[in-house]
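One structure below.
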Amino acid sequence: MSEQITIEKSLRDWASRVKAGQVGALPAILGLLVLCIAFSSQSSVFLTPGNFANLLTQAAAITVIAMGLVFVLLLGEIDLSAGYAAGVCGAILVIMITEMDFAWYVALPASILAGVVLGAFIGYLVAQLRIPSFVVTLATFLAFQGLLLLLVSEGGTIRIEDPTILAVQNKNLPVSASWIFFALTAGVYVLSGLWKFARRRKAGLIDNLFKFWLIKTAILVSLGGLATLALTVERSNNPDLVSLRGIPYVVPVILVLLVGATFVLTRTSFGLHLYAVGGNAEAARRAGINVKMVRISAFMICSGFAAVAGMIFVSRANSISPTTGGSSTLLYAVGAAVIGGTSLFGGKGKVSDAILGGLVVAVIDNGMALLGYPAGIKFMVTGGVLLLSASIDAFSRRGATAT
Amino acid sequence: MATPILSLRQVNKSFGPVHVLKDVNFDAYAGKVTALVGDNGAGKSTLIKCIAGIYTPETGEFLFEGNEVTIAGPRDATALGIEIVYQDLALCDNLDIVHNMFLGREEKSGVTLNESHMESLAKKTLDGLSVRTVKSIRQKVASLSGGQRQTVAIARAVLWNSKVVILDEPTAALGVAQTEQVLKLVRQLADNGLAVIVISHNLNDVFQVADNIAAMYLGTMAAQVEKKSVSPSDVVKLITTGKSEAVSGATK
C-alpha cells in the first residue's frame, strides 16, 4: 500500500515539475515520436533497419558537436565556430595520416589536442577579456573557415585511406559483438543505478524515485534491445556480395563520449561548478569557484568534442574538403542541443539531451528527403522545430520564475 | 560583559579622500545577536566588509577570541569561522538546496561527489536550526519562497562550524510571516552559541531579536549598548544625530 503511495507521489512530483516548467526532455521525446509515426506512415522505407542505421550515421557528427556545445550553453555562452573547429581538426587528422604518414592513434589524439587548444584560445578571450562569446566565436567562425581553406587548399579535397578511421562510419560491429555491447551497456547502466540507490539507502536517505527509475530503465533497456535487434538484421540489398549487419562503430564511440561527459557533469565538482556558473556566476564566484577556469574549460571541452566530430565527418566522406563542418552544421548542432532541452540562457541541460535533439534533426532531414521534399522545405521545417523548442525553453523559464 | 569573540579597535578605512570609518570600535559576543544599525552611508557595509576580509582597514586592531589576527582576504575570514550572508543571497536558482549549501566546498569521495554524505550533513544542519518548512532538500532553490531562500543561505553559512555569522538585511525583502520565521532562525543561531551580527534598517526586528545594538553615525560608532538599556526612540536619535542622552557615557 505504501508502495502505491510512493508511485503516485513520484508521478505527482513529476507532474508538478512539468507544470512548473521543468519539462526537460519531454518535448523532444514527444516530437521524436510524432515525427517517426508521421514519416513511417508516409514512407515505406523510413522504418527499415537499413534506414535506421543510415539515420544513426547521419546524426553522428552533429550530435557529437551538440554534446560539446552543451558545456558552453550551460554557461549561457555560445560557440558559433564549433562546426569549423570540427573541419580544422578533421583536416589536421587527414593531413597527418595521408601526407605525413602518422598512425591514426597518433593523429587522432593530436587533432583532438588541436581542438582543445582552439577552445582554450576562445575561452581565454571570453573569460579573461570578457568579450561576449557571440562575437569571439563569430570571429573564430570566419578565422577557422579560412584556416580550413588554407590547410586543404581551395577547391581541393584530401582523401583518407586509413581503415580504422574509415571504419567508424562505414563498418559495423559483428552481430555477436553487437549483442555483447548491448548487454554490457545495459548491465553497467542498471548496476550503476542500483548502486546509487543502495548507497542512499545505506546512508538512511529516503527515496521515492526508485519506482520511477525502474520504469525508465525498463523502457530504455527494451528500446536499446529493439534497436540492437533491428541493427543485427541483414540490411544489404545483396547479402551474398556484402553483408551489412551489426551496430555501426560510431554508436559505441558516441556512447563512450556520452558516459564520460555525463559522469563529468553529474558526478564531479567541476560539473556542479559548470551548472553553478551558468545559474548565477556571481554566487559561484562568492562561493570560491574559479569562474574563469570553468569558462575556459567549457570552451576547451566543446572544441575537443568538435575535433571528434571532425573525425566522424572525415570517416563518412572518406575525405576532407574546405566545406567540412560548414554550411548548416553548426546551426543544426545548436538546434540539436536546444531541441533536446538545453537552455540557451544557461544553467540547464544534459548531454543526453543533445543525442535526443540530434536524432530529431536527423529524422527530419532523413524523413523529408525520403518523401522527396526539396532542401528548402527541409531547412524551413528544421528552423520551425528549433523555434518551437526555443519557445518552450523561454516559456518554461517564465513558468519557473512566476511563482 | 564576557570577552567578545570578535573585537575591532580603532579601525580606520578611507576610499581616496573619503574617510568612511573613523576610529570605529565594535564587539560581537558568542551566543548573542548584535544588531548593527545606522542610516544609509553610515559605514555599516564597509565595517562588515572589513570583518569579512573584502576590505582591509588602514589602521586598527582586530581581535578574534582574544588574540590579535590579521584578515587579508575573504579566505582568512572563512578560516577563522566568519561567514557572511549577503543581502542578494548569492544562491544558484538552478541547483538544489544541498548543492547550494556545499557549493565551492563539496564533499568528495575520490573524484566523485559524495552526494549522500552531503545530503545527510545538510539535513542535520537544517534540523539543527529547527527548519521544518522545506519539503525536500533536493528541490531546486528556484522553487523556494523568499524566507526559505534566506534559510538556505543562513544554513549554508553555519554548515562549516562557523563561529561568527554576519547577516546583511536578512528580512529586507520578506513578508510578515517570513520575517518572523527568519528572526526565529537568527535567535536559534545565537542560542546554538554563535555570534550573530545583523545589519537591519527595521527597528522592530532589531528590538525583537537583538541582545546588543551598535549604532553608527557618519563613519563613527555612535554607541554600542545592551538592548535593555535603551528605547527605540533612543536608537533613532543615535542613528539620526549620533547622540542620545540615554546612552551618554554608557559606552566608548
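Ordering of the C-alpha cells sets the chain letters (A, B, ...), residue numbers begin anew at 1 in every chain, and ligands are numbered from 1 in the order given.
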**Asked** Using only C-alpha atoms, which residues sit within 10 Å of Ser136 (chain B) once same-chain residues fewer than 6 positions away are excluded, as JSON, numbers by chain?
**Response** {"B": [96, 97, 98, 123]}
- Message: Quick one: residues within 8 Å of region 27-33 of chain A, only C-alpha atoms, excluding same-chain residues fewer than 5 positions away - as an NGL selection string?
- Response: :A and (339-341 or 356-357 or 359-360 or 363 or 389)
Please check the contacts: residues of chain B at most 6 Å away from chain A, using only C-alpha atoms, listed as a list in words.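 Taken together, these residues fit the definition: Ala90, Leu91, Cys92, Asn94, Gly104, Thr112, Leu113 and Ser116 of chain B.
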Write out as number ranges by chain each polymer residue whose atoms come within 12 Å of Val230 (chain B), counting only C-alpha atoms; drop sequence neighbours fewer than 5 positions from it.
B: 206-207, 210-215, 223-225, 235-238, 244-248, 250
Open item on the list: I'd like to know which residues of region 41-208 of chain B are helix (DSSP H, G or I) (by DSSP, run on the backbone); could you write them as a VMD selection string?
Closed with: chain B and resid 44 to 51 74 to 80 97 to 102 115 to 128 141 to 143 146 to 158 176 to 191 203 to 208
Using DSSP on the backbone coordinates, identify all residues within region 7-251 of chain B classified as strand (DSSP E); present the result as a ChimeraX atom specification. /B:7-15,18-28,33-38,59-64,67-68,82-85,108-109,112-113,164-168,195-199,212-217,220-226
File dump, residues just selected, C-alpha atoms, as a PDB file, in the first residue's frame:
```
ATOM      1  CA  SER B   7      36.545  42.790  18.662  1.00  0.00           C
ATOM      2  CA  LEU B   8      37.575  45.677  16.413  1.00  0.00           C
ATOM      3  CA  ARG B   9      39.554  48.522  17.985  1.00  0.00           C
ATOM      4  CA  GLN B  10      40.090  51.994  16.465  1.00  0.00           C
ATOM      5  CA  VAL B  11      39.518  50.843  12.902  1.00  0.00           C
ATOM      6  CA  ASN B  12      40.013  53.401  10.120  1.00  0.00           C
ATOM      7  CA  LYS B  13      39.210  52.966   6.465  1.00  0.00           C
ATOM      8  CA  SER B  14      39.271  55.509   3.640  1.00  0.00           C
ATOM      9  CA  PHE B  15      38.400  55.349  -0.008  1.00  0.00           C
ATOM     10  CA  VAL B  18      36.597  59.868   1.817  1.00  0.00           C
ATOM     11  CA  HIS B  19      37.148  58.781   5.396  1.00  0.00           C
ATOM     12  CA  VAL B  20      34.492  56.083   5.732  1.00  0.00           C
ATOM     13  CA  LEU B  21      35.331  54.523   9.107  1.00  0.00           C
ATOM     14  CA  LYS B  22      36.696  56.784  11.843  1.00  0.00           C
ATOM     15  CA  ASP B  23      38.209  55.061  14.911  1.00  0.00           C
ATOM     16  CA  VAL B  24      35.429  52.510  14.994  1.00  0.00           C
ATOM     17  CA  ASN B  25      35.181  50.060  17.895  1.00  0.00           C
ATOM     18  CA  PHE B  26      32.923  47.053  17.534  1.00  0.00           C
ATOM     19  CA  ASP B  27      32.339  43.894  19.595  1.00  0.00           C
ATOM     20  CA  ALA B  28      30.405  40.711  18.935  1.00  0.00           C
ATOM     21  CA  VAL B  33      22.764  38.787  18.480  1.00  0.00           C
ATOM     22  CA  THR B  34      24.407  42.128  17.804  1.00  0.00           C
ATOM     23  CA  ALA B  35      22.386  44.463  15.612  1.00  0.00           C
ATOM     24  CA  LEU B  36      24.322  46.955  13.516  1.00  0.00           C
ATOM     25  CA  VAL B  37      22.128  49.945  12.730  1.00  0.00           C
ATOM     26  CA  GLY B  38      22.722  53.271  11.031  1.00  0.00           C
ATOM     27  CA  THR B  59      44.745  51.136  10.893  1.00  0.00           C
ATOM     28  CA  GLY B  60      43.158  49.379  13.813  1.00  0.00           C
ATOM     29  CA  GLU B  61      43.301  46.157  15.765  1.00  0.00           C
ATOM     30  CA  PHE B  62      41.345  43.027  15.024  1.00  0.00           C
ATOM     31  CA  LEU B  63      40.936  40.636  17.955  1.00  0.00           C
ATOM     32  CA  PHE B  64      39.438  37.197  17.488  1.00  0.00           C
ATOM     33  CA  ASN B  67      44.065  37.081  20.012  1.00  0.00           C
ATOM     34  CA  GLU B  68      45.156  39.687  17.540  1.00  0.00           C
ATOM     35  CA  ILE B  82      33.456  34.091   9.966  1.00  0.00           C
ATOM     36  CA  GLU B  83      30.675  33.660   7.392  1.00  0.00           C
ATOM     37  CA  ILE B  84      28.667  36.365   5.713  1.00  0.00           C
ATOM     38  CA  VAL B  85      25.154  36.049   4.241  1.00  0.00           C
ATOM     39  CA  LYS B 108      34.037  14.168  -2.338  1.00  0.00           C
ATOM     40  CA  SER B 109      34.949  10.511  -2.301  1.00  0.00           C
ATOM     41  CA  THR B 112      33.172  11.925  -7.467  1.00  0.00           C
ATOM     42  CA  LEU B 113      30.827  13.991  -5.343  1.00  0.00           C
ATOM     43  CA  VAL B 164      30.524  34.360  13.642  1.00  0.00           C
ATOM     44  CA  VAL B 165      27.681  34.795  11.146  1.00  0.00           C
ATOM     45  CA  ILE B 166      27.025  38.184   9.591  1.00  0.00           C
ATOM     46  CA  LEU B 167      23.598  38.753   8.057  1.00  0.00           C
ATOM     47  CA  ASP B 168      23.132  41.708   5.733  1.00  0.00           C
ATOM     48  CA  ALA B 195      27.966  35.225  17.493  1.00  0.00           C
ATOM     49  CA  VAL B 196      25.406  36.763  15.136  1.00  0.00           C
ATOM     50  CA  ILE B 197      25.762  40.206  13.603  1.00  0.00           C
ATOM     51  CA  VAL B 198      22.632  41.532  11.899  1.00  0.00           C
ATOM     52  CA  ILE B 199      22.521  44.639   9.767  1.00  0.00           C
ATOM     53  CA  ASN B 212      23.177  44.348  21.770  1.00  0.00           C
ATOM     54  CA  ILE B 213      22.753  47.297  19.473  1.00  0.00           C
ATOM     55  CA  ALA B 214      25.614  49.071  17.719  1.00  0.00           C
ATOM     56  CA  ALA B 215      24.577  52.337  16.104  1.00  0.00           C
ATOM     57  CA  MET B 216      26.774  54.029  13.504  1.00  0.00           C
ATOM     58  CA  TYR B 217      26.623  57.672  12.539  1.00  0.00           C
ATOM     59  CA  THR B 220      31.757  56.670  13.702  1.00  0.00           C
ATOM     60  CA  MET B 221      30.382  54.205  16.203  1.00  0.00           C
ATOM     61  CA  ALA B 222      27.818  56.369  18.000  1.00  0.00           C
ATOM     62  CA  ALA B 223      27.227  53.761  20.677  1.00  0.00           C
ATOM     63  CA  GLN B 224      27.227  50.062  21.317  1.00  0.00           C
ATOM     64  CA  VAL B 225      24.793  49.243  24.094  1.00  0.00           C
ATOM     65  CA  GLU B 226      22.672  46.471  25.523  1.00  0.00           C
TER      66      GLU B 226
END
```
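Closest approach to Pro49 (chain A) among A:Leu229, A:Ile392, A:Val34, A:Leu26: A:Leu229, based on only C-alpha atoms.
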message: Ranking B:Asn202, B:Ser162, B:Asn114, B:Ser145 by minimum distance to Gly81 (chain B) and counting only C-alpha atoms, which one comes first?
response: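 Of the candidates, the smallest distance to Gly81 (chain B) is held by B:Ser162.
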Residues within 12 Å of Ser153 (chain A), only C-alpha atoms, excluding chain neighbours under 6 positions, as a list of chain:residue names |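 Returned residues: A:Ala91, A:Ile95, A:Gln145, A:Gly146, A:Leu147, A:Ile320, A:Ser321, A:Pro322, A:Thr323.
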Neighbour list for Phe345 (chain A) as a PyMOL selection string, cut-off 9 Å, only C-alpha atoms, skip fewer than 4 positions in-chain: chain A and resi 73-77+278-279+393-394
At a cut-off of 9 Å, using only C-alpha atoms, what residues contact Asn204 (chain B)? Leave out same-chain residues fewer than 4 positions from it and give the result as a PyMOL selection string.
chain B and resi 208-209+232
Any chance you can output those residues with C-alpha atoms as a compact mmCIF listing (two decimals), in the first residue's frame?
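Printed below is part12.txt as written:
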```txt
# COMPACT_ATOMS: atom_id res chain seq x y z
CA GLN B 208 12.70 41.74 18.75
CA VAL B 209 15.86 39.76 18.13
CA PRO B 232 13.59 52.60 20.20
```
- Item | Who sits within 9 Å of region 184-188 of chain A, only C-alpha atoms, same chain under 3 positions skipped, as an NGL selection string | :A and (179-181 or 191-193 or 217 or 220-221 or 224-225 or 255)
*Using only C-alpha atoms, which of the listed residues (A:Tyr105, A:Tyr373, A:Tyr249, A:Phe299) sits closest to Val136 (chain A)?*
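So, comparing all the options, the nearest one is A:Phe299.
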